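Printed here is start25.tsv (TSV, C-alpha atoms and all ligand atoms):
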```tsv
chain	number	residue	atom	x	y	z
A	2	MET	CA	-10.13	-10.88	-5.75
A	3	LYS	CA	-7.58	-13.30	-4.31
A	4	SER	CA	-6.70	-12.63	-0.68
A	5	TRP	CA	-3.74	-13.53	1.53
A	6	ILE	CA	-5.36	-12.19	4.71
A	7	PRO	CA	-5.84	-15.05	7.19
A	8	ASP	CA	-9.58	-15.68	7.75
A	9	SER	CA	-9.02	-15.29	11.49
A	10	ARG	CA	-7.93	-11.66	10.86
A	11	ASN	CA	-10.73	-10.76	8.47
A	12	PHE	CA	-12.90	-8.14	10.18
A	13	ALA	CA	-15.77	-8.66	7.74
A	14	TYR	CA	-15.98	-12.36	8.64
A	15	LEU	CA	-16.94	-11.46	12.22
A	16	THR	CA	-20.51	-11.07	13.45
A	17	TRP	CA	-21.44	-7.83	15.16
A	18	LYS	CA	-21.50	-9.74	18.44
A	19	GLN	CA	-17.91	-10.84	17.92
A	20	VAL	CA	-16.93	-7.27	17.07
A	21	ASP	CA	-18.71	-6.07	20.19
A	22	ALA	CA	-16.55	-8.43	22.25
A	23	LEU	CA	-13.26	-6.96	20.97
A	24	PRO	CA	-11.24	-4.74	23.30
A	25	ARG	CA	-11.88	-1.21	22.04
A	26	ASP	CA	-8.75	0.53	23.30
A	27	THR	CA	-6.15	-1.92	22.01
A	28	THR	CA	-7.61	-3.63	18.93
A	29	VAL	CA	-5.78	-2.48	15.81
A	30	LEU	CA	-7.95	-2.18	12.71
A	31	VAL	CA	-6.10	-2.12	9.40
A	32	LEU	CA	-7.64	-0.44	6.36
A	33	PRO	CA	-5.78	-1.40	3.16
A	34	THR	CA	-5.75	1.29	0.47
A	35	ALA	CA	-4.63	0.45	-3.05
A	36	ALA	CA	-5.63	0.98	-6.68
A	37	ILE	CA	-7.08	-0.57	-9.83
A	38	GLU	CA	-5.01	0.97	-12.58
A	39	GLN	CA	-2.86	0.22	-15.59
A	40	HIS	CA	0.41	-1.52	-14.73
A	41	GLY	CA	2.00	-1.71	-18.14
A	42	PRO	CA	1.44	-4.44	-20.73
A	43	HIS	CA	2.69	-7.21	-18.42
A	44	LEU	CA	0.91	-6.78	-15.05
A	45	PRO	CA	-2.81	-6.78	-14.14
A	46	LEU	CA	-4.85	-3.74	-13.14
A	47	ALA	CA	-5.14	-5.13	-9.60
A	48	THR	CA	-1.36	-5.17	-9.03
A	49	ASP	CA	-1.33	-2.68	-6.13
A	50	THR	CA	-4.36	-4.35	-4.52
A	51	LEU	CA	-2.82	-7.83	-4.81
A	52	ILE	CA	0.53	-6.58	-3.46
A	53	ASN	CA	-1.29	-5.02	-0.52
A	54	SER	CA	-2.91	-8.32	0.40
A	55	ILE	CA	0.25	-10.38	-0.24
A	56	MET	CA	2.43	-8.13	1.93
A	57	LEU	CA	-0.11	-7.55	4.70
A	58	GLY	CA	-0.95	-11.25	4.80
A	59	ALA	CA	2.74	-12.13	5.16
A	60	ALA	CA	3.10	-9.62	8.01
A	61	LEU	CA	0.03	-10.91	9.85
A	62	GLU	CA	1.34	-14.49	9.73
A	63	ARG	CA	4.23	-13.28	11.86
A	64	LEU	CA	2.05	-11.68	14.53
A	65	PRO	CA	1.09	-13.67	17.62
A	66	GLN	CA	-2.49	-14.91	17.15
A	67	ALA	CA	-3.50	-13.34	20.46
A	68	THR	CA	-2.67	-9.82	19.28
A	69	PRO	CA	-6.02	-8.30	18.29
A	70	VAL	CA	-5.43	-7.08	14.74
A	71	TYR	CA	-8.21	-7.20	12.14
A	72	VAL	CA	-8.19	-6.21	8.49
A	73	LEU	CA	-11.11	-4.27	7.06
A	74	PRO	CA	-12.13	-4.91	3.44
A	75	ALA	CA	-9.71	-2.98	1.23
A	76	VAL	CA	-10.42	0.31	-0.47
A	77	CYS	CA	-9.32	-1.13	-3.82
A	78	TYR	CA	-10.02	2.03	-5.79
A	79	GLY	CA	-7.54	4.83	-5.32
A	80	LYS	CA	-6.60	8.18	-6.76
A	81	SER	CA	-5.16	7.06	-10.08
A	82	ASN	CA	-5.73	10.03	-12.35
A	83	GLU	CA	-2.04	10.02	-13.27
A	84	HIS	CA	-2.94	6.99	-15.41
A	85	ILE	CA	-5.86	8.53	-17.30
A	86	GLY	CA	-5.82	7.57	-20.96
A	87	PHE	CA	-4.87	3.96	-20.21
A	88	PRO	CA	-7.99	1.78	-20.55
A	89	GLY	CA	-8.86	-0.12	-17.38
A	90	THR	CA	-7.76	2.50	-14.89
A	91	LEU	CA	-10.59	3.09	-12.39
A	92	SER	CA	-9.88	6.22	-10.39
A	93	LEU	CA	-11.53	8.05	-7.52
A	94	SER	CA	-11.17	11.80	-7.19
A	95	ALA	CA	-9.15	13.02	-4.23
A	96	THR	CA	-12.29	14.27	-2.51
A	97	THR	CA	-14.13	10.96	-3.01
A	98	PHE	CA	-11.17	8.94	-1.76
A	99	MET	CA	-10.83	11.16	1.29
A	100	SER	CA	-14.59	11.02	1.93
A	101	VAL	CA	-14.51	7.20	1.84
A	102	LEU	CA	-11.67	7.15	4.38
A	103	ARG	CA	-13.46	9.71	6.52
A	104	ASP	CA	-16.73	7.75	6.51
A	105	LEU	CA	-14.98	4.48	7.36
A	106	GLY	CA	-13.02	6.22	10.11
A	107	ALA	CA	-16.29	7.63	11.46
A	108	SER	CA	-17.81	4.12	11.51
A	109	VAL	CA	-14.82	2.66	13.32
A	110	ALA	CA	-14.84	5.49	15.86
A	111	ALA	CA	-18.61	5.19	16.36
A	112	ALA	CA	-18.10	1.55	17.36
A	113	GLY	CA	-15.64	2.76	20.00
A	114	PHE	CA	-12.40	1.58	18.38
A	115	LYS	CA	-9.33	3.72	18.92
A	116	LYS	CA	-6.60	2.45	16.61
A	117	LEU	CA	-6.74	2.54	12.83
A	118	VAL	CA	-3.90	1.87	10.38
A	119	LEU	CA	-4.01	3.02	6.78
A	120	PHE	CA	-1.92	0.38	4.95
A	121	ASN	CA	-1.22	1.89	1.56
A	122	THR	CA	0.37	0.36	-1.52
A	123	HIS	CA	-0.40	2.98	-4.19
A	124	GLY	CA	1.86	6.02	-4.55
A	125	GLY	CA	-0.98	8.20	-5.86
A	126	ASN	CA	-2.78	7.78	-2.51
A	127	THR	CA	0.18	8.59	-0.28
A	128	SER	CA	-0.36	12.31	0.25
A	129	LEU	CA	-4.10	11.78	0.81
A	130	VAL	CA	-3.50	8.99	3.31
A	131	ASP	CA	-1.14	11.30	5.19
A	132	VAL	CA	-3.78	14.05	5.28
A	133	MET	CA	-6.56	11.66	6.32
A	134	ALA	CA	-4.54	10.02	9.10
A	135	ARG	CA	-4.26	13.43	10.73
A	136	ASP	CA	-7.85	14.44	9.99
A	137	LEU	CA	-9.20	11.22	11.53
A	138	ARG	CA	-7.06	11.87	14.58
A	139	ALA	CA	-8.34	15.44	14.85
A	140	GLU	CA	-11.99	14.80	14.05
A	141	PHE	CA	-12.70	11.49	15.76
A	142	GLY	CA	-9.90	11.15	18.30
A	143	LEU	CA	-8.70	7.97	16.57
A	144	ARG	CA	-5.10	6.98	17.04
A	145	THR	CA	-4.26	6.73	13.38
A	146	PHE	CA	-1.16	5.41	11.70
A	147	TRP	CA	-0.18	5.05	8.08
A	148	MET	CA	2.43	2.87	6.49
A	149	GLY	CA	3.55	1.30	3.25
A	150	ALA	CA	3.95	-2.42	2.70
A	151	SER	CA	7.68	-2.70	3.41
A	152	GLY	CA	7.78	-1.22	6.90
A	153	GLY	CA	10.90	0.50	5.61
A	154	ALA	CA	12.76	-2.74	4.67
A	155	LYS	CA	15.13	-2.19	1.73
A	156	PHE	CA	14.94	-4.36	-1.38
A	157	GLU	CA	18.62	-5.42	-1.52
A	158	GLY	CA	20.54	-6.13	-4.68
A	159	ILE	CA	18.59	-3.76	-6.88
A	160	HIS	CA	20.39	-1.51	-9.37
A	161	PRO	CA	20.71	2.13	-8.14
A	162	GLN	CA	18.87	3.40	-11.23
A	163	GLU	CA	15.99	1.02	-10.53
A	164	ALA	CA	16.08	1.79	-6.80
A	165	THR	CA	15.68	5.53	-7.56
A	166	TYR	CA	13.43	5.53	-10.63
A	167	GLY	CA	11.73	2.14	-10.63
A	168	PHE	CA	8.27	3.31	-9.59
A	169	HIS	CA	5.55	1.42	-11.32
A	170	ALA	CA	5.24	-2.03	-12.88
A	171	ASN	CA	8.93	-2.10	-12.00
A	172	GLU	CA	11.27	-4.86	-10.85
A	173	ALA	CA	9.86	-5.05	-7.31
A	174	GLU	CA	6.18	-5.10	-8.27
A	175	THR	CA	6.80	-7.62	-11.04
A	176	ALA	CA	8.83	-9.86	-8.75
A	177	ILE	CA	6.16	-9.87	-6.03
A	178	LEU	CA	3.54	-11.02	-8.51
A	179	LEU	CA	5.96	-13.57	-10.01
A	180	ALA	CA	6.27	-15.01	-6.52
A	181	ALA	CA	2.57	-14.93	-5.60
A	182	THR	CA	0.52	-14.97	-8.81
A	183	PRO	CA	2.84	-15.92	-11.69
A	184	GLU	CA	-0.20	-16.72	-13.84
A	185	LEU	CA	-1.01	-12.97	-13.87
A	186	VAL	CA	2.40	-11.87	-15.20
A	187	ASP	CA	2.97	-11.79	-18.96
A	188	THR	CA	6.75	-12.18	-19.05
A	189	SER	CA	6.70	-11.85	-22.84
A	190	ALA	CA	5.35	-8.29	-22.64
A	191	TYR	CA	8.05	-6.51	-20.61
A	192	THR	CA	8.97	-2.94	-21.56
A	193	VAL	CA	11.66	-0.80	-19.97
A	194	ASN	CA	11.16	2.90	-19.39
A	195	TYR	CA	12.83	5.28	-16.98
A	196	ILE	CA	11.27	8.68	-16.36
A	197	ALA	CA	14.69	10.12	-15.39
A	198	ARG	CA	18.30	8.92	-15.08
A	199	ILE	CA	20.20	9.22	-11.82
A	200	GLU	CA	23.28	10.68	-13.56
A	201	ASP	CA	21.16	13.36	-15.20
A	202	GLU	CA	21.70	16.86	-13.81
A	203	THR	CA	18.37	18.30	-14.86
A	204	LEU	CA	16.87	20.29	-11.99
A	205	LEU	CA	13.23	19.81	-12.98
A	206	ARG	CA	12.23	16.17	-12.84
A	207	PRO	CA	9.05	14.17	-12.43
A	208	GLU	CA	10.31	12.89	-9.05
A	209	ASN	CA	13.37	13.40	-6.81
A	210	GLY	CA	14.35	16.67	-8.56
A	211	ALA	CA	15.38	20.05	-7.16
A	212	ALA	CA	11.80	20.76	-8.12
A	213	ASN	CA	9.30	18.27	-9.49
A	214	PHE	CA	6.84	18.79	-12.30
A	215	ALA	CA	3.37	17.27	-12.06
A	216	TRP	CA	3.28	14.39	-14.51
A	217	LEU	CA	0.79	12.17	-16.19
A	218	THR	CA	1.97	8.71	-17.10
A	219	ARG	CA	1.23	9.24	-20.77
A	220	ASP	CA	3.67	12.22	-20.78
A	221	ILE	CA	6.62	10.26	-19.49
A	222	ALA	CA	5.93	6.53	-19.92
A	223	PRO	CA	4.13	5.53	-23.12
A	224	SER	CA	3.90	1.82	-22.20
A	225	GLY	CA	2.74	2.63	-18.66
A	226	VAL	CA	5.90	1.13	-17.14
A	227	MET	CA	8.23	3.24	-14.98
A	228	GLY	CA	11.23	1.08	-14.32
A	229	ASP	CA	12.73	-2.15	-15.58
A	230	PRO	CA	10.82	-5.37	-14.88
A	231	THR	CA	13.27	-7.62	-16.74
A	232	PRO	CA	15.56	-8.58	-13.80
A	233	ALA	CA	12.57	-9.58	-11.64
A	234	THR	CA	12.55	-13.11	-10.25
A	235	ALA	CA	10.46	-14.77	-7.59
A	236	GLU	CA	13.67	-15.97	-5.89
A	237	ASN	CA	15.08	-12.44	-5.55
A	238	VAL	CA	11.96	-11.11	-3.95
A	239	GLU	CA	11.23	-13.91	-1.46
A	240	ARG	CA	13.92	-12.71	0.93
A	241	TRP	CA	12.69	-9.13	0.69
A	242	ILE	CA	9.06	-10.15	1.25
A	243	ALA	CA	10.17	-12.02	4.38
A	244	ALA	CA	12.22	-9.04	5.62
A	245	ALA	CA	9.42	-6.58	4.86
A	246	ALA	CA	6.84	-8.82	6.53
A	247	LYS	CA	8.99	-9.10	9.65
A	248	ARG	CA	9.38	-5.32	9.77
A	249	ALA	CA	5.71	-4.65	9.10
A	250	ALA	CA	4.68	-7.16	11.78
A	251	ALA	CA	6.98	-5.39	14.27
A	252	VAL	CA	5.51	-2.03	13.26
A	253	ILE	CA	1.93	-3.27	13.73
A	254	ALA	CA	2.84	-4.87	17.07
A	255	GLU	CA	4.21	-1.50	18.17
A	256	MET	CA	0.92	0.13	17.19
A	257	TYR	CA	-0.86	-2.39	19.42
A	258	HIS	CA	1.43	-1.45	22.31
A	259	PHE	CA	1.35	2.26	21.47
A	260	GLU	CA	0.79	3.78	24.86
A	261	ASN	CA	-2.10	5.99	25.70
A	262	HIS	CA	0.33	8.80	26.39
A	263	ILE	CA	-1.57	11.10	24.09
A	264	GLU	CA	-4.88	12.72	24.90
A	265	SER	CA	-7.86	10.86	23.48
A	301	ZN	ZN	1.80	-0.47	-8.56
```
Take the structure in the file and write it out as C-alpha cells.
Ligand SMILES: [Zn+2]
Amino acid sequence: MKSWIPDSRNFAYLTWKQVDALPRDTTVLVLPTAAIEQHGPHLPLATDTLINSIMLGAALERLPQATPVYVLPAVCYGKSNEHIGFPGTLSLSATTFMSVLRDLGASVAAAGFKKLVLFNTHGGNTSLVDVMARDLRAEFGLRTFWMGASGGAKFEGIHPQEATYGFHANEAETAILLAATPELVDTSAYTVNYIARIEDETLLRPENGAANFAWLTRDIAPSGVMGDPTPATAENVERWIAAAAKRAAAVIAEMYHFENHIES
C-alpha cells in the first residue's frame, strides 16, 4: 500500500531500543483506522485507507520535527458490513475490530506509553472507535483521543445536497484521490446516487432524519456510490487538504501538550 507517512514518523521503522528511548508520558502514538471496501465503480477498495495516509501525512508535515508523534501501522480492515454483497469488501465484525484495538492499546500501555490517538477515516468504524477510546482509557489508563481526517475543517464550495448526503465515493473522496493517486480513479465510471434529498420532508431517513433506519448499501445505493463524484477536481480539494492538515496538525499538537490534569 502506498504511504504518505514520513519515514521519520513511522513507529514500525524504529528498533525496540529507539522505542525504549522515547518519552513515555508525552509521545503521541497515532493508530490509523480505515477500511477495505467497495467505493463504487470508479474508486479503489483501499480509498479510506489511502485517504487516511494522505491526510495524516499532510498533517504530520506541518508538525515540528521535535514533537514526538509516531504512526503505528494502520488497521486497514474495518467494520464494513454495510457493503456486504459488493465483491471486494473485506469486513471485520464489530467484536473483532474492537478486540484488535483493545489488544493494540494493551501493547502500547504495556510499553508505558500514555497517549494514543485513533485516527479514523471510515464512517462504519466511528461508533466503535468512540467506544474503544473510552474503554482504553478506563481499562489501561491511556489518554485516548479520536478524530477524523479533517480536524473539523469544512470543505468549502460544495453543494448543500452533497455536503449533507455525499457520504461515500462522493465528491470529497474522489477529489482527494484525484489529487494524490489519479491513476486509481476511473473518471469514465462515475455514477450519481443520493440516499436522501435535503428538501425531502420524510421523517425516517438513512441518515440525518428525525429517526434513522439501519441501511445496507445495496438497499439504497445500487452502484455503491452515495453522493455525486462528478464535480470533483484535484484543484478544488488542494485548498481543503491544506486547511484540514493545518487543523489536524494543531489538534495533534494539542494532544501532545494535553496536560496531565486528569488522573492516570
Ligand atoms: Zn470512503
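Going from CA of Asp220 in chain A over to CA of Glu38 in chain A, you cover 16.4 Å.
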Please produce, as CSV, a per-residue contact table for chain A versus ligand ZN 301 (chain A) (criterion: any atom at most 9 Å away, all atoms listed in the file considered), showing the nearest atom pair and its distance in Å to one decimal, sorted by chain then residue number.
```
residue,atom,partner,partner_atom,distance
A:Ala35,CA,A:ZN301,ZN,8.5
A:Ala36,CA,A:ZN301,ZN,7.8
A:Ile37,CA,A:ZN301,ZN,9.0
A:Glu38,CA,A:ZN301,ZN,8.0
A:Gln39,CA,A:ZN301,ZN,8.5
A:His40,CA,A:ZN301,ZN,6.4
A:Leu46,CA,A:ZN301,ZN,8.7
A:Ala47,CA,A:ZN301,ZN,8.4
A:Thr48,CA,A:ZN301,ZN,5.7
A:Asp49,CA,A:ZN301,ZN,4.5
A:Thr50,CA,A:ZN301,ZN,8.3
A:Ile52,CA,A:ZN301,ZN,8.1
A:Thr122,CA,A:ZN301,ZN,7.2
A:His123,CA,A:ZN301,ZN,6.0
A:Gly124,CA,A:ZN301,ZN,7.6
A:Phe168,CA,A:ZN301,ZN,7.6
A:His169,CA,A:ZN301,ZN,5.0
A:Ala170,CA,A:ZN301,ZN,5.7
A:Asn171,CA,A:ZN301,ZN,8.1
A:Glu174,CA,A:ZN301,ZN,6.4
```
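Residues lying within 10 Å of range 94-96 of chain A, counting all atoms listed in the file and ignoring same-chain neighbours fewer than 4 positions away, are Tyr78, Gly79, Lys80, Ser81, Asn82, Ser100, Val101, Leu102, Gly125, Asn126, Ser128 and Leu129 of chain A.
CA of Met148 in chain A is positioned 8.9 Å from CA of Val252 in chain A.
Interatomic distance, CA of Pro223 in chain A to CA of Thr34 in chain A: 25.9 Å.
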Of A:Thr97, A:Ser108, A:Thr203, A:Asn121, the one nearest to Leu137 in chain A when counting all atoms listed in the file is A:Ser108
If you count all atoms listed in the file, which residues fall within 8 Å of Pro7 in chain A, apart from same-chain ones fewer than 3 positions away, as a VMD selection string? chain A and resid 10 to 11 58 61 to 62
Problem - Surrounding residues of Ala246 in chain A excluding itself and chain neighbours under 3 positions, 10 Å, all atoms listed in the file, as a PyMOL selection string - result: chain A and resi 55-64+150-152+154+240-243+249-252
Sorted per-residue table, range 17-115 of chain A near range 192-200 of chain A, closest atoms and distance, 12 Å, all atoms listed in the file, as JSON lines:
```
{"residue": "A:His40", "atom": "CA", "partner": "A:Thr192", "partner_atom": "CA", "distance": 11.0}
{"residue": "A:Gly41", "atom": "CA", "partner": "A:Thr192", "partner_atom": "CA", "distance": 7.9}
{"residue": "A:Pro42", "atom": "CA", "partner": "A:Thr192", "partner_atom": "CA", "distance": 7.7}
{"residue": "A:His43", "atom": "CA", "partner": "A:Thr192", "partner_atom": "CA", "distance": 8.2}
{"residue": "A:Leu44", "atom": "CA", "partner": "A:Thr192", "partner_atom": "CA", "distance": 11.0}
```
Using only C-alpha atoms, the shortest atom-to-atom distance to Val31 in chain A among A:Pro232, A:Pro65, A:Gly149, A:Gly89 belongs to A:Gly149
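Remark: for Gly228 in chain A, the closest of the candidate residues A:Phe259, A:Phe12, A:Tyr166, A:Phe214 is A:Tyr166 (distances computed over all atoms listed in the file).
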Give the padded box for range 143-158 of chain A as AutoDock Vina command-line options: axis-aligned, covering all atoms listed in the file, 4 Å on each side, centre and edge lengths in Å to one decimal.
```
--center_x 5.9 --center_y 0.9 --center_z 6.2 --size_x 37.2 --size_y 22.1 --size_z 29.7
```
